$ cat input23.cif   # mmCIF, C-alpha atoms
data_data
loop_
_atom_site.label_atom_id
_atom_site.label_comp_id
_atom_site.auth_asym_id
_atom_site.auth_seq_id
_atom_site.Cartn_x
_atom_site.Cartn_y
_atom_site.Cartn_z
CA MET A 1277 -43.65 -17.15 108.63
CA ILE A 1278 -47.01 -15.38 108.61
CA SER A 1279 -49.71 -17.41 106.91
CA GLN A 1280 -52.01 -16.10 104.21
CA GLU A 1281 -54.96 -16.30 106.60
CA THR A 1282 -53.15 -14.22 109.20
CA ARG A 1283 -52.31 -11.61 106.57
CA ARG A 1284 -55.98 -11.39 105.63
CA MET A 1285 -56.98 -11.04 109.26
CA GLY A 1286 -54.42 -8.27 109.68
CA LEU A 1287 -55.85 -6.36 106.73
CA VAL A 1288 -59.40 -6.78 108.01
CA PHE A 1289 -58.72 -5.65 111.57
CA ARG A 1290 -56.78 -2.62 110.34
CA ALA A 1291 -59.48 -1.71 107.83
CA LEU A 1292 -62.15 -1.96 110.52
CA THR A 1293 -60.07 0.21 112.84
CA VAL A 1294 -59.62 2.90 110.19
CA ILE A 1295 -63.35 2.83 109.45
CA ALA A 1296 -64.05 3.22 113.17
CA MET A 1297 -61.70 6.20 113.35
CA LEU A 1298 -63.57 7.88 110.50
CA LEU A 1299 -66.94 7.15 112.11
CA ILE A 1300 -65.82 8.60 115.44
CA GLY A 1301 -64.47 11.67 113.67
CA GLY A 1302 -67.81 12.08 111.91
CA ALA A 1303 -69.67 11.69 115.20
CA TYR A 1304 -67.63 14.50 116.74
CA VAL A 1305 -69.16 17.02 114.33
CA SER A 1306 -72.64 15.44 114.36
CA PRO A 1307 -75.63 15.68 116.71
CA ILE A 1308 -75.50 12.78 119.16
CA TRP A 1309 -78.85 13.19 120.92
CA TRP A 1310 -81.93 15.36 120.48
CA VAL A 1311 -84.52 16.66 122.91
CA SER A 1312 -87.82 18.32 122.08
CA LEU A 1313 -90.55 19.92 124.19
CA LYS A 1314 -94.09 20.40 122.93
CA ALA A 1315 -96.88 22.42 124.54
CA PRO A 1316 -100.05 24.26 123.42
CA ASN A 1317 -98.26 27.62 123.64
CA TYR A 1318 -95.73 26.38 121.06
CA PRO A 1319 -98.05 25.63 118.10
CA GLU A 1320 -97.02 23.20 115.41
CA HIS A 1321 -97.09 25.76 112.59
CA THR A 1322 -94.44 27.79 114.46
CA PHE A 1323 -92.52 24.89 116.01
CA PRO A 1324 -93.18 21.86 113.76
CA ASP A 1325 -90.72 19.71 115.74
CA GLY A 1326 -91.44 21.39 119.06
CA VAL A 1327 -88.75 23.30 120.91
CA ARG A 1328 -85.88 21.09 119.79
CA ILE A 1329 -82.20 21.11 120.69
CA HIS A 1330 -79.30 18.90 119.60
CA PHE A 1331 -76.59 17.65 121.92
CA HIS A 1332 -73.13 17.31 120.39
CA VAL A 1333 -70.05 16.15 122.27
CA ASN A 1334 -68.75 19.73 121.98
CA GLY A 1335 -71.87 21.67 122.91
CA VAL A 1336 -75.62 22.17 122.60
CA PHE A 1337 -77.02 23.51 119.34
CA ASN A 1338 -80.28 24.73 117.88
CA GLY A 1339 -82.43 21.91 116.53
CA CYS A 1340 -85.19 24.07 115.07
CA GLU A 1341 -85.41 24.60 111.33
CA LYS A 1342 -86.79 27.43 109.28
CA ARG A 1343 -90.54 27.26 108.82
CA ALA A 1344 -91.79 26.85 105.29
CA GLU A 1345 -95.21 26.76 103.68
CA ASP A 1346 -95.84 26.28 99.97
CA ASP A 1347 -92.08 26.39 99.49
CA GLU A 1348 -91.91 29.96 100.85
CA ILE A 1349 -89.58 30.57 103.78
CA TYR A 1350 -91.10 32.57 106.63
CA GLU A 1351 -87.85 33.88 108.05
CA GLU A 1352 -84.20 34.07 107.11
CA GLU A 1353 -83.03 32.10 110.13
CA ALA A 1354 -84.48 29.35 112.28
CA LEU A 1355 -85.90 30.21 115.66
CA ASP A 1356 -83.37 29.89 118.48
CA CYS A 1357 -84.66 26.85 120.31
CA VAL A 1358 -81.73 26.72 122.73
CA HIS A 1359 -82.95 30.09 124.03
CA GLU A 1360 -86.56 28.89 124.05
CA MET A 1361 -85.56 25.79 125.98
CA ASN A 1362 -83.81 27.94 128.56
CA VAL A 1363 -86.94 30.08 128.89
CA ILE A 1364 -89.03 26.97 129.52
CA ASN A 1365 -86.51 25.64 132.02
CA HIS A 1366 -86.54 28.99 133.82
CA TYR A 1367 -90.30 28.68 134.37
CA ILE A 1368 -89.78 25.54 136.46
CA GLY A 1369 -86.66 26.82 138.21
CA MET A 1370 -84.13 24.83 136.19
CA GLU A 1371 -80.62 26.04 135.42
CA PRO A 1372 -79.76 27.17 131.86
CA ILE A 1373 -78.54 24.41 129.56
CA GLU A 1374 -75.09 26.02 129.36
CA LYS A 1375 -74.48 25.10 133.01
CA GLY A 1376 -74.20 21.42 132.15
CA ALA A 1377 -71.15 19.42 131.10
CA GLN A 1378 -68.84 22.41 130.83
CA ILE A 1379 -65.73 20.38 131.63
CA GLU A 1380 -66.69 17.57 129.25
CA ILE A 1381 -67.38 20.01 126.42
CA ALA A 1382 -64.06 21.83 126.95
CA ALA A 1383 -62.18 18.52 127.10
CA SER A 1384 -63.94 16.85 124.15
CA PRO A 1385 -61.43 17.87 121.42
CA TYR A 1386 -58.54 16.49 123.47
CA LEU A 1387 -60.37 13.32 124.50
CA PHE A 1388 -61.37 12.52 120.93
CA ALA A 1389 -57.83 13.28 119.73
CA LEU A 1390 -56.53 10.89 122.39
CA VAL A 1391 -58.91 8.18 121.21
CA GLY A 1392 -57.66 8.77 117.67
CA VAL A 1393 -54.04 8.35 118.79
CA MET A 1394 -54.91 5.18 120.71
CA LEU A 1395 -56.65 3.68 117.69
CA ALA A 1396 -53.72 4.58 115.46
CA ALA A 1397 -51.47 2.78 117.95
CA PHE A 1398 -53.82 -0.20 117.88
CA LEU A 1399 -53.01 -0.64 114.19
CA VAL A 1400 -49.40 -1.57 115.00
CA TYR A 1401 -49.05 -2.25 118.73
CA SER A 1402 -49.29 -5.77 120.17
CA GLY A 1403 -47.56 -5.43 123.52
CA PRO A 1404 -48.97 -5.46 127.07
CA LEU A 1405 -52.43 -3.88 127.52
CA TRP A 1406 -52.96 -3.74 123.77
CA TRP A 1407 -56.66 -4.41 124.39
CA ALA A 1408 -57.06 -1.03 126.11
CA LEU A 1409 -56.44 0.79 122.83
CA PRO A 1410 -59.64 -0.23 120.96
CA THR A 1411 -61.63 -0.24 124.21
CA ALA A 1412 -61.25 3.55 124.38
CA GLY A 1413 -63.31 3.86 121.21
CA MET A 1414 -65.82 1.16 122.11
CA ILE A 1415 -66.92 2.76 125.37
CA ILE A 1416 -67.72 6.22 123.99
CA PRO A 1417 -71.47 5.50 123.45
CA VAL A 1418 -71.79 4.12 126.98
CA VAL A 1419 -69.87 7.00 128.54
CA PHE A 1420 -72.00 9.54 126.67
CA VAL A 1421 -75.28 8.06 127.93
CA ILE A 1422 -74.00 7.82 131.51
CA ASP A 1423 -72.77 11.41 131.48
CA TYR A 1424 -75.94 12.65 129.75
CA SER A 1425 -78.14 10.84 132.28
CA ALA A 1426 -76.13 12.18 135.21
CA TRP A 1427 -76.50 15.74 134.02
CA LEU A 1428 -80.23 15.32 133.43
CA TRP A 1429 -80.52 14.10 137.02
CA TRP A 1430 -78.57 17.14 138.22
CA PHE A 1431 -80.80 19.55 136.30
CA GLY A 1432 -83.97 17.87 137.54
CA HIS A 1433 -82.83 17.76 141.19
CA ASN A 1434 -81.41 21.29 141.45
CA LEU A 1435 -84.53 23.39 140.90
CA HIS A 1436 -84.69 26.96 142.20
CA PRO A 1437 -87.60 28.93 143.69
CA TRP A 1438 -87.56 31.49 140.89
CA GLY A 1439 -89.75 29.25 138.72
CA ALA A 1440 -93.27 30.37 137.92
CA PHE A 1441 -94.39 26.75 138.38
CA THR A 1442 -93.60 24.62 141.42
CA VAL A 1443 -92.29 21.26 140.30
CA LYS A 1444 -90.97 18.55 142.56
CA PRO A 1445 -87.42 17.30 141.81
CA PHE A 1446 -87.60 14.79 138.99
CA MET A 1447 -85.53 12.75 136.58
CA PRO A 1448 -85.92 14.15 133.04
CA THR A 1449 -86.52 11.62 130.29
CA VAL A 1450 -83.29 10.09 129.00
CA PHE A 1451 -84.86 7.98 126.25
CA GLY A 1452 -88.44 8.13 125.02
CA GLN A 1453 -91.39 10.36 125.88
CA GLY A 1454 -92.28 12.01 129.15
CA LYS A 1455 -94.29 14.79 130.74
CA VAL A 1456 -93.21 17.82 132.79
CA ALA A 1457 -95.97 20.20 133.84
CA GLN A 1458 -97.89 20.98 130.62
CA PHE A 1459 -94.95 20.02 128.39
CA SER A 1460 -94.57 16.75 126.52
CA THR A 1461 -90.90 15.78 126.33
CA TYR A 1462 -89.07 13.71 123.73
CA SER A 1463 -85.50 12.47 124.03
CA TYR A 1464 -83.86 10.19 121.45
CA PRO A 1465 -80.45 9.43 119.94
CA HIS A 1466 -79.52 11.24 116.73
CA TYR A 1467 -77.52 9.91 113.80
CA GLY A 1468 -74.22 10.83 115.47
CA TYR A 1469 -74.96 8.26 118.16
CA GLY A 1470 -75.50 5.71 115.40
CA LEU A 1471 -72.03 6.55 114.09
CA LEU A 1472 -70.58 5.90 117.55
CA LEU A 1473 -72.39 2.57 117.80
CA ALA A 1474 -71.18 1.56 114.34
CA ALA A 1475 -67.62 2.51 115.32
CA ALA A 1476 -67.92 0.48 118.53
CA LEU A 1477 -69.11 -2.54 116.54
CA CYS A 1478 -66.21 -2.22 114.09
CA LEU A 1479 -63.76 -2.00 116.97
CA LEU A 1480 -65.29 -4.99 118.72
CA VAL A 1481 -64.82 -7.12 115.60
CA ALA A 1482 -61.31 -5.72 115.11
CA PHE A 1483 -60.51 -6.54 118.74
CA LEU A 1484 -61.67 -10.15 118.34
CA ILE A 1485 -59.67 -10.58 115.15
CA ARG A 1486 -56.58 -9.06 116.73
CA ARG A 1487 -56.89 -11.31 119.76
CA LYS A 1488 -57.11 -14.35 117.52
CA MET A 1489 -54.04 -13.21 115.59
CA LEU A 1490 -52.00 -12.77 118.75
CA ARG A 1491 -53.04 -16.21 120.02
CA ILE A 1492 -51.72 -17.85 116.88
CA GLY A 1493 -48.61 -15.69 116.87
CA GLY A 1494 -49.54 -13.38 114.00
CA ARG A 1495 -48.32 -9.78 114.02
#

$ encode --input "input23.cif" --output "structure tokens"
Amino acid sequence: MISQETRRMGLVFRALTVIAMLLIGGAYVSPIWWVSLKAPNYPEHTFPDGVRIHFHVNGVFNGCEKRAEDDEIYEEEALDCVHEMNVINHYIGMEPIEKGAQIEIAASPYLFALVGVMLAAFLVYSGPLWWALPTAGMIIPVVFVIDYSAWLWWFGHNLHPWGAFTVKPFMPTVFGQGKVAQFSTYSYPHYGYGLLLAAALCLLVAFLIRRKMLRIGGR
């Protein structure tokens, strides 16, 4: 017979898993990381946040917003900072942003759907390798940073001679502030990454509860 405590643990681990599934789903449609470049030729009144782009798991998007002064909008649409970033990259011989992570971006809907299926299975499955089911959701933040860092390395070490400026191969800033030629660079996680971390924490707690349940024979 399942004890009252085991029943409570079962409810908690399942609730945490469902919350994690919702957080991961929210992260899929949210910016995970942002990068901004600032330079004297991109003045603050035109680019208040610099030339800013947002990395999602399914692509790279414009991070610039419409300029406003005294509550009057200057233009109908925000400046296209993905294009501006590509222009800057071209000056130092770097490939366009669209060259990076093409396979990962194309596969992201299927990978996230697979994680969703695995977490749904985690709600009811207790057989061999059950621990692999929540692990799929827990490792997403780590996998993202590793993949993001690897692509930054590739961009920084595959420079072409077409650039107006000669820059030695370098590792772009993954986290924090840096400097490339006359540009100040900024690279930080966005709120979508926070959602992934929160989901990973929920799944870690759910995993520990589930392991305890299985040790005492609870289903």

$ atom_distance --input "input23.cif" --atom1 "atom CA of Met1414 of chain A" --atom2 "atom CA of Ala1476 of chain A"
4.2 Å

$ residues_around --input "input23.cif" --residues "Val1391 of chain A" --least-positions-apart "3" --cutoff "8 Å" --atoms "only C-alpha atoms" --output "PyMOL selection string"
chain A and resi 1387-1388+1394-1395+1409+1412-1413

$ resolve_selection --input "input23.cif" --expression "the PyMOL selection byres ((chain A and resi 1410) around 12)" --output "number ranges by chain"
A: 1289-1290, 1292-1294, 1296-1297, 1390-1402, 1405-1409, 1411-1416, 1475-1487

$ residues_around --input "input23.cif" --residues "Glu1374 of chain A" --least-positions-apart "5" --cutoff "10 Å" --atoms "all atoms listed in the file" --output "list in words"
Gly1335, Val1336, Val1358 and Asn1362 of chain A

$ closest_residue --input "input23.cif" --among "A:Val1363, A:Val1327, A:Ile1368, A:Leu1298" --to "His1436 of chain A" --atoms "all atoms listed in the file"
A:Ile1368

$ residues_around --input "input23.cif" --residues "Trp1430 of chain A" --least-positions-apart "6" --cutoff "10 Å" --atoms "only C-alpha atoms" --output "NGL selection string"
:A and (1370-1371 or 1376 or 1424 or 1445-1448)

$ resolve_selection --input "input23.cif" --expression "the PyMOL selection byres ((chain A and resi 1314) around 8)" --output "PDB file with C-alpha atoms, in the frame of the given file"
ATOM      1  CA  SER A1312     -87.820  18.320 122.080  1.00  0.00           C
ATOM      2  CA  LEU A1313     -90.550  19.920 124.190  1.00  0.00           C
ATOM      3  CA  ALA A1315     -96.880  22.420 124.540  1.00  0.00           C
ATOM      4  CA  PRO A1316    -100.050  24.260 123.420  1.00  0.00           C
ATOM      5  CA  TYR A1318     -95.730  26.380 121.060  1.00  0.00           C
ATOM      6  CA  ASP A1325     -90.720  19.710 115.740  1.00  0.00           C
ATOM      7  CA  GLY A1326     -91.440  21.390 119.060  1.00  0.00           C
ATOM      8  CA  VAL A1327     -88.750  23.300 120.910  1.00  0.00           C
ATOM      9  CA  PHE A1459     -94.950  20.020 128.390  1.00  0.00           C
ATOM     10  CA  SER A1460     -94.570  16.750 126.520  1.00  0.00           C
ATOM     11  CA  THR A1461     -90.900  15.780 126.330  1.00  0.00           C
TER      12      THR A1461
END

$ closest_residue --input "input23.cif" --among "A:Gly1286, A:Gly1369, A:Gly1301, A:Pro1385" --to "Asn1334 of chain A" --atoms "all atoms listed in the file"
A:Pro1385

$ build_atoms --input "input23.cif" --residues "segment 1468-1479 of chain A" --atoms "all heavy atoms" --output "mmCIF file, in the coordinates of the input"
data_model
loop_
_atom_site.group_PDB
_atom_site.id
_atom_site.type_symbol
_atom_site.label_atom_id
_atom_site.label_comp_id
_atom_site.auth_asym_id
_atom_site.auth_seq_id
_atom_site.Cartn_x
_atom_site.Cartn_y
_atom_site.Cartn_z
ATOM 1 N N GLY A 1468 -75.590 10.871 114.964
ATOM 2 C CA GLY A 1468 -74.220 10.830 115.470
ATOM 3 C C GLY A 1468 -74.012 9.693 116.456
ATOM 4 O O GLY A 1468 -72.928 9.096 116.507
ATOM 5 N N TYR A 1469 -75.069 9.380 117.228
ATOM 6 C CA TYR A 1469 -74.960 8.260 118.160
ATOM 7 C C TYR A 1469 -74.887 6.941 117.383
ATOM 8 O O TYR A 1469 -74.185 6.009 117.787
ATOM 9 C CB TYR A 1469 -76.147 8.239 119.113
ATOM 10 C CG TYR A 1469 -75.943 7.330 120.301
ATOM 11 C CD1 TYR A 1469 -75.115 7.715 121.354
ATOM 12 C CD2 TYR A 1469 -76.554 6.092 120.374
ATOM 13 C CE1 TYR A 1469 -74.903 6.889 122.446
ATOM 14 C CE2 TYR A 1469 -76.353 5.251 121.463
ATOM 15 C CZ TYR A 1469 -75.524 5.656 122.498
ATOM 16 O OH TYR A 1469 -75.315 4.821 123.569
ATOM 17 N N GLY A 1470 -75.594 6.889 116.263
ATOM 18 C CA GLY A 1470 -75.500 5.710 115.400
ATOM 19 C C GLY A 1470 -74.091 5.520 114.868
ATOM 20 O O GLY A 1470 -73.604 4.383 114.760
ATOM 21 N N LEU A 1471 -73.423 6.642 114.544
ATOM 22 C CA LEU A 1471 -72.030 6.550 114.090
ATOM 23 C C LEU A 1471 -71.138 5.988 115.192
ATOM 24 O O LEU A 1471 -70.245 5.165 114.931
ATOM 25 C CB LEU A 1471 -71.528 7.937 113.666
ATOM 26 C CG LEU A 1471 -72.216 8.580 112.460
ATOM 27 C CD1 LEU A 1471 -71.631 9.965 112.192
ATOM 28 C CD2 LEU A 1471 -72.080 7.706 111.221
ATOM 29 N N LEU A 1472 -71.375 6.417 116.430
ATOM 30 C CA LEU A 1472 -70.580 5.900 117.550
ATOM 31 C C LEU A 1472 -70.829 4.417 117.769
ATOM 32 O O LEU A 1472 -69.889 3.663 118.050
ATOM 33 C CB LEU A 1472 -70.912 6.677 118.823
ATOM 34 C CG LEU A 1472 -70.461 8.143 118.873
ATOM 35 C CD1 LEU A 1472 -70.934 8.788 120.161
ATOM 36 C CD2 LEU A 1472 -68.951 8.260 118.743
ATOM 37 N N LEU A 1473 -72.082 3.997 117.648
ATOM 38 C CA LEU A 1473 -72.390 2.570 117.800
ATOM 39 C C LEU A 1473 -71.754 1.751 116.695
ATOM 40 O O LEU A 1473 -71.223 0.658 116.941
ATOM 41 C CB LEU A 1473 -73.903 2.366 117.811
ATOM 42 C CG LEU A 1473 -74.667 2.853 119.044
ATOM 43 C CD1 LEU A 1473 -76.162 2.640 118.852
ATOM 44 C CD2 LEU A 1473 -74.178 2.148 120.305
ATOM 45 N N ALA A 1474 -71.804 2.265 115.461
ATOM 46 C CA ALA A 1474 -71.180 1.560 114.340
ATOM 47 C C ALA A 1474 -69.678 1.457 114.544
ATOM 48 O O ALA A 1474 -69.061 0.417 114.268
ATOM 49 C CB ALA A 1474 -71.502 2.271 113.025
ATOM 50 N N ALA A 1475 -69.061 2.535 115.047
ATOM 51 C CA ALA A 1475 -67.620 2.510 115.320
ATOM 52 C C ALA A 1475 -67.303 1.486 116.402
ATOM 53 O O ALA A 1475 -66.318 0.742 116.296
ATOM 54 C CB ALA A 1475 -67.145 3.896 115.750
ATOM 55 N N ALA A 1476 -68.141 1.443 117.450
ATOM 56 C CA ALA A 1476 -67.920 0.480 118.530
ATOM 57 C C ALA A 1476 -68.008 -0.952 118.016
ATOM 58 O O ALA A 1476 -67.225 -1.825 118.415
ATOM 59 C CB ALA A 1476 -68.928 0.717 119.650
ATOM 60 N N LEU A 1477 -68.967 -1.211 117.118
ATOM 61 C CA LEU A 1477 -69.110 -2.540 116.540
ATOM 62 C C LEU A 1477 -67.887 -2.912 115.704
ATOM 63 O O LEU A 1477 -67.361 -4.040 115.798
ATOM 64 C CB LEU A 1477 -70.381 -2.619 115.700
ATOM 65 C CG LEU A 1477 -70.658 -3.960 115.011
ATOM 66 C CD1 LEU A 1477 -70.796 -5.073 116.039
ATOM 67 C CD2 LEU A 1477 -71.923 -3.871 114.156
ATOM 68 N N CYS A 1478 -67.415 -1.975 114.885
ATOM 69 C CA CYS A 1478 -66.210 -2.220 114.090
ATOM 70 C C CYS A 1478 -65.017 -2.536 114.979
ATOM 71 O O CYS A 1478 -64.230 -3.460 114.699
ATOM 72 C CB CYS A 1478 -65.896 -0.994 113.223
ATOM 73 S SG CYS A 1478 -67.013 -0.732 111.824
ATOM 74 N N LEU A 1479 -64.888 -1.783 116.064
ATOM 75 C CA LEU A 1479 -63.760 -2.000 116.970
ATOM 76 C C LEU A 1479 -63.876 -3.316 117.723
ATOM 77 O O LEU A 1479 -62.866 -3.971 118.008
ATOM 78 C CB LEU A 1479 -63.646 -0.834 117.947
ATOM 79 C CG LEU A 1479 -63.182 0.486 117.331
ATOM 80 C CD1 LEU A 1479 -63.261 1.616 118.342
ATOM 81 C CD2 LEU A 1479 -61.767 0.360 116.777
#
